[in-house]
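Q: Below is the structure I would like to discuss, written out as structure tokens.
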2 protein chains.
Amino acid sequence: MKAEIIAVGSELLTPDRLDTNSLFLTEELNGIGIEVVRKTVVGDNRDLLAEAFRDALQRVPLIIASGGLGPTDDDLTRETVADLLGRKLRHNEEILRHIEGRFRSMGRDMPAVNARQAMVPEGAEILRNPRGTAPGLWLEDSGHLIALLPGPPRELKPLFREEVVPRLERHVSGARLHHREIRVTGLGESHVEQRILPIYSRYPEVQTTILAAPGETQIHLRVWTADGAHAKKTLDDIVQSFHIALGDRIFSEDGRGLEQVVADLLALNQATIAAAESCTGGLLAQRLTSIAGSSSYFLGGVVCYSNELKTAWADVPPKMILARGAVSTEVAVALAEGIRRRVGATFGVGITGVAGPAGGSEEKPVGTVHVALTHASGTKERAMRFPGDREMIRWQASQLALDLVRVHFLYNGQNAAAPSPKRA
Amino acid sequence: MKAEIIAVGSELLTPDRLDTNSLFLTEELNGIGIEVVRKTVVGDNRDLLAEAFRDALQRVPLIIASGGLGPTDDDLTRETVADLLGRKLRHNEEILRHIEGRFRSMGRDMPAVNARQAMVPEGAEILRNPRGTAPGLWLEDSGHLIALLPGPPRELKPLFREEVVPRLERHVSGARLHHREIRVTGLGESHVEQRILPIYSRYPEVQTTILAAPGETQIHLRVWTADGAHAKKTLDDIVQSFHIALGDRIFSEDGRGLEQVVADLLALNQATIAAAESCTGGLLAQRLTSIAGSSSYFLGGVVCYSNELKTAWADVPPKMILARGAVSTEVAVALAEGIRRRVGATFGVGITGVAGPAGGSEEKPVGTVHVALTHASGTKERAMRFPGDREMIRWQASQLALDLVRVHFLYNGQNAAAPSPKRA
């Protein structure tokens with residue numbers, strides 16, 4: 001089956017908002033054998049919106065639309081699609097009660113405008129949306145299937161998986177997309193390419209994409225086939241060869257980010273961690289605590305920008321700072337050891353560097369970062385010069401710190417080879 | 001003039017990467033009077049890529065393409081466009097030296113694959129890209145203008161502004177897009193809409209878009225006209241009325257985020273700040289230090305997840321935690337006062353709450369957050385129950401903390417009304 005995706009919202013034609021939904025929807029649709037043949041972004045304008053739906057209805061049997069279901073005057077999807085299909089909008093009491101309930105649970109009254117979200121085209125099925133006010137809508141009309149979904153990704157994604165996919169599966173069969181994602185850190189895109197090109201070029205049926213992100217490189221492998229067993233074997237073979245080519249630089253094969261990988265290793269090994277950060281300014285702590293359940297392994301951390309606080313909070317000797325400079329291997333190690341001792345954690349991390357744009361010198365240019373990891377078995381430190389701007393340098397520094405923890409478990413942790421938990 | 005934007009990269013047809021560039025490009029093009037009539041995303045496939053360019057050349061005089069200029073085997077834009085225009089690719093020594101120099105400055109050798117990036121179609125102008133290895137390319141062919149730009153936004157954006165806009169301005173005249181962005185915090189989308197609908201509905205020529213983001217609402221006003229003075233007056237009138245309707249809830253009119261607004265206020269007033277965070281886990285520190293020059297106002301902060309560290313680092317009395325619970329107004333105030341005293345900062349911030357998904361109770365459900373701000377003149381505290389998931393709750397908590405600082409200056413700071421610095 002072929003589908004088109006229509007993303008509704010003038011904000012999606014500006015630099016202020018991205019249509020992230022169409023990408024998620026493409027992958028989901030491919031996964032159940034539906035091909036996306038066009039993606040359209042259209043603004044909050046009744047005529048242009050009607051034209052986009054009318055054209056798509058002439059081309060394909062399935063339209064997935066996102067956005068334009070909000071409470072405000074410029075949310076026009078409900079009205080436009082109802083008009084186009086010649087259906088009346090009817091007030092739905094159940095939806096209204098759901099919306100009122102959501103506002104009440106936040107201790108607020110429902111603004112009058114939200115009543116618009118309880119209007120439903122005749123004959124539409126309601127796709128329940130426990131995470132937001134606007135429900136999704138499912139319409140079948142003259143052999144066409146139309147799903148209207150709320151724009152916010154955190155509402156659209158679960159709603160699509162729970163309500164739309166089961167409805168679509170009744171209508172499709174055949175080839176599926178099979179996908180693997182390998183994530184690598186500590187090796188640039190070009191170097192990854194050089195190592196794996198001889199491998200993946202032997203599999204022309206597999207689409208291989210290499211993506212560079214700050215502090216990591218991602219390799220995507222995709223095969224489109226009805227033969228799931230063959231796809232699995234092919235992808236397994238490639239990934240096995242990648243392990244030989246890339247060694248311990250692979251940190252994830254299941255979509256987990258590095259903070260999640262490290263969080264899982266810490267939890268599995270009942271280890272705890274504390275951080276003393278200078279140039280990353282709390283980014284490492286923030287990433288470690290972004291994972292649900294982080295209080296089991298993250299006890300605390302300090303952000304010590306000033307030299308005085310490096311001494312007060314992590315016992316870095318003032319003489320050391322004077323002699324070696326705040327950005328130095330010695331201070332990174334002292335930060336790591338100091339915070340570990342103060343907090344009583346299994347691991348201590350110290351990070352100091354020059355994130356820029358100012359503060360660089362000939363000897364210590366912008367991008368210079370020292371990271372140390374300490375543990376009962378000893379201390380490791382790494383000095384790097386990272387490229388990019390302030391944000392990239394800080395991210396790469398936090399990535400390196402996380403990777404030191406990962407590698408520690410790889411070579412020292414008894415449970416490091418245990419199976420990965422599923423993606424959230 | 002009409003333009004099409006082509007984003008090249010199979011990764012843009014997956015959930016792994018977004019085409020952010022087309023949105024930036026749309027706004028920039030509109031600003032110089034060029035209308036974007038279509039946006040296409042196409043994968044790394046020579047035939048599909050050639051088809052996309054061929055079709056676009058038949059429809060419009062201007063094509064802006066991003067991506068596919070990298071060093072790897074699946075970067076096909078250079079070759080495809082050269083083929084299509086019947087031009088040979090030639091090796092360019094200057095580009096090669098630039099690429100080698102970039103690797104050398106990082107202390108690395110240039111991988112052999114990168115030499116591909118020095119290939120240039122005959123007759124193309126080179127658009128210098130000091131931020132990356134691949135240069136942009138500018139082609140004029142039979143009345144058509146084609147710009148090929150590198151995919152990474154941090155390379156594409158400045159390169160477009162510095163190299164492409166001046167070339168385009170020779171070719172265009174007429175209407176321009178005039179844009180204002182008003183950012184509001186502490187009021188939901190529906191409430192903002194209710195207050196400003198009577199205002200903006202009086203200006204049908206102005207396109208008004210209201211966007212909800214965690215912890216803030218953004219209002220975009222856009223007018224498309226050749227009469228710049230009239231556009232300015234209209235937008236000024238609307239914004240003035242918004243100030244009456246929304247009062248101190250407006251925190252930005254120039255695109256600055258709340259952390260930048262607060263950073264500017266702190267720097268202007270030569271004030272310093274320190275934070276003791278629990279549920280936000282370093283997010284506030286990270287946001288405050290994401291701004292260049294943050295060491296002038298941010299001295300340090302602690303992330304005290306455990307009760308023991310709340311006592312050790314911010315002098316929160318253990319008895320208070322026992323009596324009131326770690327998530328309480330009293331503990332937020334004690335965190336703020338303790339960290340301010342310890343660091344000797346102008347402001348102390350304390351944040352404690354339940355970010356979830358676990359850890360909630362009937363009395364203190366997930367989303368409960370207490371934030372306190374202390375200063376020589378006294379202490380303010382706010383208790384909230386935020387909706388959403390862990391990430392949203394943490395973001396909204398950091399947003400509230402920043403807003404307390406902003407509001408402090410609004411009513412107490414002598415210099416709070418000083419002009420805003422320019423955007424970075």
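Here, A, B, ... name the chains of the structure tokens in the order displayed, residue numbers run from 1 inside each chain, and ligands are numbered from 1 in the same displayed order.
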Could you list, as an MDAnalysis selection string, every residue within 12 Å of Ala212 in chain A, counting only C-alpha atoms and ignoring same-chain residues fewer than 6 positions away?
A: (chainID A and resid 183:193 218:220) or (chainID B and resid 11 16:17 70:72 151:152)
Q: Could you save those same residues with C-alpha atoms as a PDB file, in the first residue's frame?
A:
```
ATOM      1  CA  ARG A 183      26.425   3.607  17.348  1.00  0.00           C
ATOM      2  CA  VAL A 184      30.136   4.307  17.646  1.00  0.00           C
ATOM      3  CA  THR A 185      32.078   6.809  19.741  1.00  0.00           C
ATOM      4  CA  GLY A 186      35.697   7.972  19.680  1.00  0.00           C
ATOM      5  CA  LEU A 187      36.120   7.542  15.901  1.00  0.00           C
ATOM      6  CA  GLY A 188      35.293  10.146  13.238  1.00  0.00           C
ATOM      7  CA  GLU A 189      32.867   9.526  10.364  1.00  0.00           C
ATOM      8  CA  SER A 190      35.665   9.194   7.791  1.00  0.00           C
ATOM      9  CA  HIS A 191      37.560   6.663   9.856  1.00  0.00           C
ATOM     10  CA  VAL A 192      34.426   4.613  10.476  1.00  0.00           C
ATOM     11  CA  GLU A 193      33.723   4.683   6.736  1.00  0.00           C
ATOM     12  CA  GLN A 218      25.780   6.198  13.684  1.00  0.00           C
ATOM     13  CA  ILE A 219      25.547   3.444  11.088  1.00  0.00           C
ATOM     14  CA  HIS A 220      22.099   2.503   9.788  1.00  0.00           C
TER      15      HIS A 220
ATOM     16  CA  GLU B  11      18.825   9.677   6.929  1.00  0.00           C
ATOM     17  CA  ASP B  16      17.105   9.495  13.048  1.00  0.00           C
ATOM     18  CA  ARG B  17      17.620  12.878  11.469  1.00  0.00           C
ATOM     19  CA  GLY B  70      30.357  14.595   2.456  1.00  0.00           C
ATOM     20  CA  PRO B  71      33.386  12.379   1.884  1.00  0.00           C
ATOM     21  CA  THR B  72      31.659   9.016   1.814  1.00  0.00           C
ATOM     22  CA  GLY B 151      24.195  19.388   5.270  1.00  0.00           C
ATOM     23  CA  PRO B 152      25.365  20.191   8.827  1.00  0.00           C
TER      24      PRO B 152
END
```
Q: Please, which residues of chain B lie no more than 6 Å from chain A when the count uses only C-alpha atoms, and can they be set out as an mmCIF file with N, CA and C atoms, in the first residue's frame?
A:
```cif
data_model
loop_
_atom_site.group_PDB
_atom_site.id
_atom_site.type_symbol
_atom_site.label_atom_id
_atom_site.label_comp_id
_atom_site.auth_asym_id
_atom_site.auth_seq_id
_atom_site.Cartn_x
_atom_site.Cartn_y
_atom_site.Cartn_z
ATOM 1 N N LEU B 13 14.885 10.515 5.697
ATOM 2 C CA LEU B 13 13.654 9.742 5.520
ATOM 3 C C LEU B 13 13.497 8.708 6.626
ATOM 4 N N THR B 14 14.199 8.901 7.720
ATOM 5 C CA THR B 14 14.115 8.009 8.875
ATOM 6 C C THR B 14 13.839 8.860 10.115
ATOM 7 N N PRO B 15 13.570 8.196 11.241
ATOM 8 C CA PRO B 15 13.381 8.991 12.467
ATOM 9 C C PRO B 15 14.687 9.463 13.079
ATOM 10 N N LEU B 23 13.863 24.661 6.788
ATOM 11 C CA LEU B 23 13.059 25.630 7.521
ATOM 12 C C LEU B 23 13.832 26.935 7.679
ATOM 13 N N PHE B 24 15.086 26.809 8.063
ATOM 14 C CA PHE B 24 15.962 27.971 8.099
ATOM 15 C C PHE B 24 16.006 28.646 6.728
ATOM 16 N N GLU B 27 12.824 30.699 5.778
ATOM 17 C CA GLU B 27 12.745 32.006 6.433
ATOM 18 C C GLU B 27 13.727 32.991 5.792
ATOM 19 N N GLY B 281 18.582 17.803 38.263
ATOM 20 C CA GLY B 281 19.812 17.040 38.022
ATOM 21 C C GLY B 281 20.917 17.776 37.282
ATOM 22 N N GLY B 282 20.992 19.079 37.374
ATOM 23 C CA GLY B 282 22.043 19.821 36.685
ATOM 24 C C GLY B 282 21.558 20.551 35.447
ATOM 25 N N LEU B 283 20.269 20.381 35.126
ATOM 26 C CA LEU B 283 19.737 21.033 33.923
ATOM 27 C C LEU B 283 19.810 22.557 34.025
ATOM 28 N N ALA B 285 21.943 24.370 35.861
ATOM 29 C CA ALA B 285 23.359 24.756 35.719
ATOM 30 C C ALA B 285 23.787 24.655 34.262
ATOM 31 N N GLN B 286 23.387 23.575 33.621
ATOM 32 C CA GLN B 286 23.764 23.356 32.227
ATOM 33 C C GLN B 286 23.202 24.462 31.333
ATOM 34 N N THR B 289 25.096 27.712 31.973
ATOM 35 C CA THR B 289 26.477 27.710 31.475
ATOM 36 C C THR B 289 26.556 27.411 29.981
ATOM 37 N N LEU B 299 28.932 30.928 39.372
ATOM 38 C CA LEU B 299 30.100 30.507 40.141
ATOM 39 C C LEU B 299 30.135 29.001 40.293
ATOM 40 N N GLY B 300 28.965 28.415 40.537
ATOM 41 C CA GLY B 300 28.949 26.973 40.725
ATOM 42 C C GLY B 300 27.586 26.517 41.175
ATOM 43 N N GLY B 301 27.438 25.194 41.196
ATOM 44 C CA GLY B 301 26.182 24.627 41.628
ATOM 45 C C GLY B 301 26.393 23.205 42.084
ATOM 46 N N VAL B 302 25.407 22.697 42.807
ATOM 47 C CA VAL B 302 25.486 21.307 43.230
ATOM 48 C C VAL B 302 24.231 20.577 42.783
ATOM 49 N N VAL B 303 24.415 19.305 42.453
ATOM 50 C CA VAL B 303 23.293 18.425 42.163
ATOM 51 C C VAL B 303 23.236 17.453 43.318
ATOM 52 N N CYS B 304 22.287 17.654 44.223
ATOM 53 C CA CYS B 304 22.242 16.801 45.415
ATOM 54 C C CYS B 304 20.990 15.942 45.358
ATOM 55 N N TYR B 305 21.175 14.791 44.781
ATOM 56 C CA TYR B 305 20.075 13.840 44.651
ATOM 57 C C TYR B 305 19.766 13.199 46.009
ATOM 58 N N SER B 306 20.813 12.808 46.723
ATOM 59 C CA SER B 306 20.573 12.106 47.993
ATOM 60 C C SER B 306 20.325 13.124 49.103
#
```
Q: Can you pull out every residue within 9 Å of Trp138 in chain A, counting only C-alpha atoms, but drop anything in the same chain fewer than 2 positions away, and send it as a PyMOL selection string?
A: chain A and resi 123-127+136+140+145-149+164
Q: Atoms to include: N, CA and C atoms. Write the selected residues as an mmCIF file, in the first residue's frame.
A:
```
data_model
loop_
_atom_site.group_PDB
_atom_site.id
_atom_site.type_symbol
_atom_site.label_atom_id
_atom_site.label_comp_id
_atom_site.auth_asym_id
_atom_site.auth_seq_id
_atom_site.Cartn_x
_atom_site.Cartn_y
_atom_site.Cartn_z
ATOM 1 N N GLY A 123 -19.253 9.832 11.520
ATOM 2 C CA GLY A 123 -18.731 8.551 11.061
ATOM 3 C C GLY A 123 -17.270 8.317 11.393
ATOM 4 N N ALA A 124 -16.606 9.294 12.002
ATOM 5 C CA ALA A 124 -15.191 9.102 12.345
ATOM 6 C C ALA A 124 -15.073 8.237 13.593
ATOM 7 N N GLU A 125 -14.027 7.398 13.623
ATOM 8 C CA GLU A 125 -13.703 6.699 14.862
ATOM 9 C C GLU A 125 -12.759 7.577 15.677
ATOM 10 N N ILE A 126 -12.950 7.552 17.000
ATOM 11 C CA ILE A 126 -12.116 8.373 17.871
ATOM 12 C C ILE A 126 -10.915 7.563 18.341
ATOM 13 N N LEU A 127 -9.716 8.125 18.160
ATOM 14 C CA LEU A 127 -8.483 7.473 18.610
ATOM 15 C C LEU A 127 -8.095 8.119 19.939
ATOM 16 N N GLY A 136 -7.185 11.644 18.365
ATOM 17 C CA GLY A 136 -7.007 11.408 16.936
ATOM 18 C C GLY A 136 -8.333 10.991 16.321
ATOM 19 N N GLU A 140 -12.837 6.278 7.233
ATOM 20 C CA GLU A 140 -12.790 5.438 6.028
ATOM 21 C C GLU A 140 -13.839 6.020 5.089
ATOM 22 N N LEU A 145 -8.363 5.507 3.438
ATOM 23 C CA LEU A 145 -8.171 5.526 4.885
ATOM 24 C C LEU A 145 -7.495 6.847 5.237
ATOM 25 N N ILE A 146 -8.025 7.527 6.257
ATOM 26 C CA ILE A 146 -7.436 8.805 6.669
ATOM 27 C C ILE A 146 -7.281 8.800 8.186
ATOM 28 N N ALA A 147 -6.061 9.042 8.644
ATOM 29 C CA ALA A 147 -5.827 9.196 10.084
ATOM 30 C C ALA A 147 -5.443 10.647 10.345
ATOM 31 N N LEU A 148 -6.163 11.293 11.259
ATOM 32 C CA LEU A 148 -5.828 12.660 11.675
ATOM 33 C C LEU A 148 -5.273 12.568 13.093
ATOM 34 N N LEU A 149 -4.046 13.022 13.260
ATOM 35 C CA LEU A 149 -3.370 12.833 14.541
ATOM 36 C C LEU A 149 -2.945 14.171 15.129
ATOM 37 N N VAL A 164 -3.469 3.378 15.473
ATOM 38 C CA VAL A 164 -3.471 3.388 14.003
ATOM 39 C C VAL A 164 -2.865 2.099 13.434
#
```
Q: Quick one: residues within 7 Å of Val206 in chain A, only C-alpha atoms counted, chain neighbours fewer than 5 positions away excluded, as a list in words?
A: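 Close residues of Val206 in chain A: Leu221, Arg222 and Val223 of chain A.
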Q: Selection from above, C-alpha atoms, as a short mmCIF file (atom, residue, chain, number, x, y, z; two decimals), in the first residue's frame, can you write it?
A:
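That gives us part_38.cif:
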```cif
data_model
loop_
_atom_site.label_atom_id
_atom_site.label_comp_id
_atom_site.auth_asym_id
_atom_site.auth_seq_id
_atom_site.Cartn_x
_atom_site.Cartn_y
_atom_site.Cartn_z
CA LEU A 221 21.50 -0.73 7.88
CA ARG A 222 18.16 -1.23 6.12
CA VAL A 223 16.80 -4.12 4.03
#
```
Q: Could you name the residues that touch range 368-379 of chain A at 6 Å or less, counting only C-alpha atoms, but leaving out those on the same chain fewer than 3 positions away, as a list in words?
A: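 The residues satisfying every condition are Thr329, Ala332, Val333, Ala336, Phe347, Gly348, Val349, Gly350, Ile351, Thr352, Gly353, Val354, Lys364, Pro365, Arg382, Ala383, Met384 and Arg385 of chain A.
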Q: By how many Å are CA of Lys319 in chain B and CA of Ala345 in chain A apart?
A: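 Interatomic distance here is 24.1 Å.
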Q: Here is a test: counting only C-alpha atoms, which residue of A:Gln396, A:Ala134, A:Val262, A:Leu69 is nearest to His408 in chain A?
A: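 Of A:Gln396, A:Ala134, A:Val262, A:Leu69, the one nearest His408 in chain A, counting only C-alpha atoms, is A:Val262.
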Q: Which neighbours of Gly228 in chain B fall inside 12 Å, counting only C-alpha atoms, when residues of the same chain fewer than 2 positions from it are skipped, and could you give them as a ChimeraX atom specification?
A: /B:31,174-179,223-226,230-235
Q: How about saving the chosen residues, N, CA and C atoms kept, as a tab-separated table (two decimals), in the first residue's frame?
A:
```
chain	number	residue	atom	x	y	z
B	31	GLY	N	12.73	36.31	3.59
B	31	GLY	CA	13.23	37.60	4.04
B	31	GLY	C	13.81	38.43	2.91
B	174	GLY	N	11.28	43.52	-4.49
B	174	GLY	CA	9.85	43.42	-4.17
B	174	GLY	C	9.57	43.13	-2.71
B	175	ALA	N	8.51	42.38	-2.47
B	175	ALA	CA	8.00	42.17	-1.12
B	175	ALA	C	8.99	41.40	-0.25
B	176	ARG	N	8.98	41.72	1.03
B	176	ARG	CA	9.79	41.03	2.03
B	176	ARG	C	8.89	40.49	3.13
B	177	LEU	N	9.40	39.50	3.84
B	177	LEU	CA	8.69	39.01	5.02
B	177	LEU	C	9.15	39.79	6.25
B	178	HIS	N	8.18	40.27	7.03
B	178	HIS	CA	8.50	40.95	8.29
B	178	HIS	C	7.98	40.08	9.42
B	179	HIS	N	8.81	39.83	10.40
B	179	HIS	CA	8.53	38.80	11.40
B	179	HIS	C	8.82	39.30	12.81
B	223	VAL	N	4.15	39.42	8.34
B	223	VAL	CA	3.52	40.20	7.28
B	223	VAL	C	4.42	40.14	6.06
B	224	TRP	N	3.82	39.95	4.92
B	224	TRP	CA	4.54	39.87	3.66
B	224	TRP	C	4.19	41.11	2.86
B	225	THR	N	5.12	42.06	2.74
B	225	THR	CA	4.81	43.32	2.06
B	225	THR	C	6.08	44.01	1.58
B	226	ALA	N	5.92	44.88	0.57
B	226	ALA	CA	7.04	45.70	0.10
B	226	ALA	C	7.16	46.98	0.93
B	230	HIS	N	5.24	50.48	6.90
B	230	HIS	CA	3.90	50.10	7.32
B	230	HIS	C	3.92	48.80	8.12
B	231	ALA	N	4.72	47.83	7.67
B	231	ALA	CA	4.83	46.56	8.39
B	231	ALA	C	5.35	46.80	9.79
B	232	LYS	N	6.37	47.65	9.90
B	232	LYS	CA	6.95	47.92	11.21
B	232	LYS	C	5.91	48.53	12.14
B	233	LYS	N	5.16	49.51	11.64
B	233	LYS	CA	4.16	50.18	12.48
B	233	LYS	C	3.08	49.18	12.91
B	234	THR	N	2.60	48.37	11.97
B	234	THR	CA	1.57	47.39	12.31
B	234	THR	C	2.05	46.44	13.40
B	235	LEU	N	3.26	45.89	13.20
B	235	LEU	CA	3.79	44.93	14.16
B	235	LEU	C	4.05	45.59	15.51
```
Q: Could you check how far CA of Ile6 in chain B sits from CA of Ile64 in chain B, in Å to one decimal?
A: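 Spanning CA of Ile6 in chain B to CA of Ile64 in chain B is a straight-line distance of 6.3 Å.
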Q: What residues in range 63-175 of chain B get the DSSP label strand (DSSP E)? Please answer as a VMD selection string.
A: chain B and resid 63 to 66 89 to 91 119 to 121 125 to 127 136 to 141 144 to 149
Q: Taking C-alpha atoms for each residue, export the selection above as a JSON list (two decimals), in the first residue's frame.
A:
```
[["chain", "number", "residue", "atom", "x", "y", "z"],
["B", 63, "ILE", "CA", 17.21, 25.47, -6.37],
["B", 64, "ILE", "CA", 18.77, 25.39, -2.94],
["B", 65, "ALA", "CA", 20.03, 21.92, -2.06],
["B", 66, "SER", "CA", 21.56, 20.73, 1.20],
["B", 89, "LEU", "CA", 34.20, 17.25, -12.23],
["B", 90, "ARG", "CA", 37.66, 18.76, -11.75],
["B", 91, "HIS", "CA", 40.06, 18.40, -8.85],
["B", 119, "MET", "CA", 36.07, 17.69, -6.76],
["B", 120, "VAL", "CA", 34.18, 20.62, -8.34],
["B", 121, "PRO", "CA", 31.87, 20.78, -11.40],
["B", 125, "GLU", "CA", 31.85, 29.06, -7.93],
["B", 126, "ILE", "CA", 33.24, 27.80, -4.63],
["B", 127, "LEU", "CA", 31.42, 28.96, -1.49],
["B", 136, "GLY", "CA", 29.40, 24.94, -0.97],
["B", 137, "LEU", "CA", 29.01, 25.27, -4.73],
["B", 138, "TRP", "CA", 27.18, 27.91, -6.79],
["B", 139, "LEU", "CA", 26.13, 27.16, -10.36],
["B", 140, "GLU", "CA", 24.44, 29.34, -12.98],
["B", 141, "ASP", "CA", 23.11, 27.42, -15.96],
["B", 144, "HIS", "CA", 18.88, 28.75, -13.47],
["B", 145, "LEU", "CA", 20.60, 29.36, -10.15],
["B", 146, "ILE", "CA", 21.68, 26.34, -8.09],
["B", 147, "ALA", "CA", 23.28, 26.41, -4.65],
["B", 148, "LEU", "CA", 24.69, 23.16, -3.27],
["B", 149, "LEU", "CA", 25.30, 23.43, 0.46]]
```
Q: When you look at range 242-244 of chain A with a cut-off of 9 Å (counting only C-alpha atoms), what residues show up, excluding the ones that are within fewer than 3 positions of it in the same chain? I need them as number ranges by chain.
A: A: 182, 195-196, 199-200, 237-239, 247-250
